[in-house]
Structures are given as structure tokens and as C-alpha cells.
>>> print(open('protein.txt').read())   # compact mmCIF, C-alpha atoms
# COMPACT_ATOMS: atom_id res chain seq x y z
CA MET D 192 -7.18 11.83 -2.83
CA SER D 193 -10.51 13.30 -3.87
CA GLY D 194 -13.88 11.90 -2.97
CA THR D 195 -14.43 10.77 -6.54
CA GLU D 196 -11.14 8.88 -6.59
CA ASP D 197 -12.04 7.15 -3.32
CA LYS D 198 -15.43 6.16 -4.69
CA ILE D 199 -13.90 4.78 -7.90
CA LYS D 200 -11.31 2.76 -5.99
CA GLY D 201 -14.06 1.59 -3.68
CA LYS D 202 -16.19 0.33 -6.57
CA ALA D 203 -13.16 -1.45 -8.03
CA ASN D 204 -12.42 -3.15 -4.71
CA GLU D 205 -16.06 -4.15 -4.34
CA ALA D 206 -16.06 -5.71 -7.82
CA ILE D 207 -12.76 -7.53 -7.26
CA GLY D 208 -13.98 -8.72 -3.88
CA ASN D 209 -17.17 -10.08 -5.40
CA ALA D 210 -15.17 -11.83 -8.11
CA LYS D 211 -12.86 -13.39 -5.52
CA GLN D 212 -15.86 -14.61 -3.56
CA GLY D 213 -17.40 -16.20 -6.63
CA LEU D 214 -14.15 -17.75 -7.76
CA GLY D 215 -13.43 -18.99 -4.25
CA LYS D 216 -16.87 -20.55 -4.07
CA ALA D 217 -16.46 -22.21 -7.47
CA MET D 218 -13.05 -23.58 -6.48
CA ASP D 219 -14.18 -24.46 -2.95
CA ASN D 220 -11.42 -22.17 -1.65
CA LYS D 221 -12.55 -20.70 1.67
CA GLU D 222 -9.47 -18.49 1.97
CA MET D 223 -10.17 -16.81 -1.37
CA GLN D 224 -13.81 -16.34 -0.40
CA ALA D 225 -12.74 -14.69 2.86
CA GLU D 226 -10.30 -12.43 1.01
CA GLY D 227 -13.16 -11.43 -1.27
CA VAL D 228 -15.41 -10.57 1.66
CA ILE D 229 -12.66 -8.42 3.18
CA GLN D 230 -11.88 -6.68 -0.11
CA GLU D 231 -15.55 -5.99 -0.75
CA ALA D 232 -15.90 -4.48 2.73
CA LYS D 233 -12.79 -2.35 2.11
CA GLY D 234 -14.38 -1.08 -1.09
CA LYS D 235 -17.61 -0.17 0.67
CA GLY D 236 -15.58 1.72 3.26
CA GLN D 237 -13.72 3.60 0.55
CA GLY D 238 -17.06 4.56 -0.98
CA VAL D 239 -18.26 5.96 2.34
CA VAL D 240 -15.03 7.93 2.76
CA GLY D 241 -15.40 9.30 -0.77
CA ALA D 242 -18.98 10.38 -0.15
CA ALA D 243 -17.96 12.06 3.12
CA LYS D 244 -15.16 13.95 1.35
CA ASP D 245 -17.58 15.12 -1.33
CA LYS D 246 -20.04 16.29 1.33
CA LEU D 247 -17.30 18.18 3.19
CA ASP D 248 -16.27 19.85 -0.06
CA ASP D 249 -19.89 20.90 -0.64
CA VAL D 250 -20.16 22.34 2.87
CA ARG D 251 -16.83 24.17 2.53
CA ASP D 252 -17.93 25.66 -0.80
CA ASP D 253 -21.26 26.73 0.68
CA VAL D 254 -19.55 28.44 3.64
CA ARG D 255 -17.12 30.17 1.28
CA ASP D 256 -19.97 31.39 -0.94
CA ARG D 257 -21.93 32.71 2.04
CA ALA D 258 -18.84 34.54 3.34
CA LYS D 259 -18.35 36.18 -0.06
CA ASP D 260 -22.00 37.23 -0.09
CA GLU D 261 -21.68 38.76 3.38
CA ASN D 262 -18.57 40.68 2.37
CA ARG D 263 -20.40 42.21 -0.58
CA LYS D 264 -23.03 43.77 1.68
>>> encode(input="protein.txt", output="C-alpha cells")
Amino acid sequence: MSGTEDKIKGKANEAIGNAKQGLGKAMDNKEMQAEGVIQEAKGKGQGVVGAAKDKLDDVRDDVRDRAKDENRK
């Protein structure tokens, strides 16, 4: 899975988690609120993983470009 896909899934899980929290609060359902907190945290984690993957891709591309430049000399 790419970094972008992880970040998109993360945002979706954050949104669903927030909705569950709000719905749980409105219905006085502590279990649903807790599920929402967990799902939101999962989404934030997915976003961090996605950002890390994107950063690693950037570093890999930079190293590859520098190696090509060195080979041209």
C-alpha cells in the first residue's frame, strides 16, 4: 500500500471514529464512544505510517538521483 493510500484510509478512519464518538455520546452509549476513540487513533496511526512511507520514497528517489549523477561524471 502506498503512503497516499495509508493517509486516505487514515483520514476515513479518523472521520468514522469521530462520528462514532458523537453518535455514542448522543445515544449515551459508552461502548460506541470507546470504539470511536480507538478507530480515530487507528486512523491517526495510519496517517503517520503513510507520511513515513512518503518520506522514505522521497529519500530513496534522492539517493537514486544522486547515484545517477555520480555515474555521469
>>> residues_around(input="protein.txt", residues="Met192 of chain D", least_positions_apart="5", cutoff="10 Å", atoms="all atoms listed in the file", output="ChimeraX atom specification")
/D:197,241,244
>>> write_last_selection(input="protein.txt", atoms="C-alpha atoms", output="PDB file, in the frame of the given file")
ATOM      1  CA  ASP D 197     -12.040   7.150  -3.320  1.00  0.00           C
ATOM      2  CA  GLY D 241     -15.400   9.300  -0.770  1.00  0.00           C
ATOM      3  CA  LYS D 244     -15.160  13.950   1.350  1.00  0.00           C
TER       4      LYS D 244
END
>>> residues_around(input="protein.txt", residues="Val240 of chain D", least_positions_apart="5", cutoff="10 Å", atoms="all atoms listed in the file", output="list in words")
Ser193, Gly194, Thr195, Asp197, Lys198, Gly201, Gly234, Lys235, Asp245 and Lys246 of chain D
>>> closest_residue(input="protein.txt", among="D:Val228, D:Val254, D:Val239, D:Ile199", to="Lys216 of chain D", atoms="all atoms listed in the file")
D:Val228
>>> atom_distance(input="protein.txt", atom1="atom CA of Lys211 of chain D", atom2="atom CA of Gly227 of chain D")
4.7 Å
>>> atom_distance(input="protein.txt", atom1="atom CA of Glu222 of chain D", atom2="atom CA of Ile207 of chain D")
14.7 Å
>>> atom_distance(input="protein.txt", atom1="atom CA of Asp248 of chain D", atom2="atom CA of Ala232 of chain D")
24.5 Å
>>> residues_around(input="protein.txt", residues="segment 213-215 of chain D", least_positions_apart="5", cutoff="9 Å", atoms="only C-alpha atoms", output="ChimeraX atom specification")
/D:208,220-227
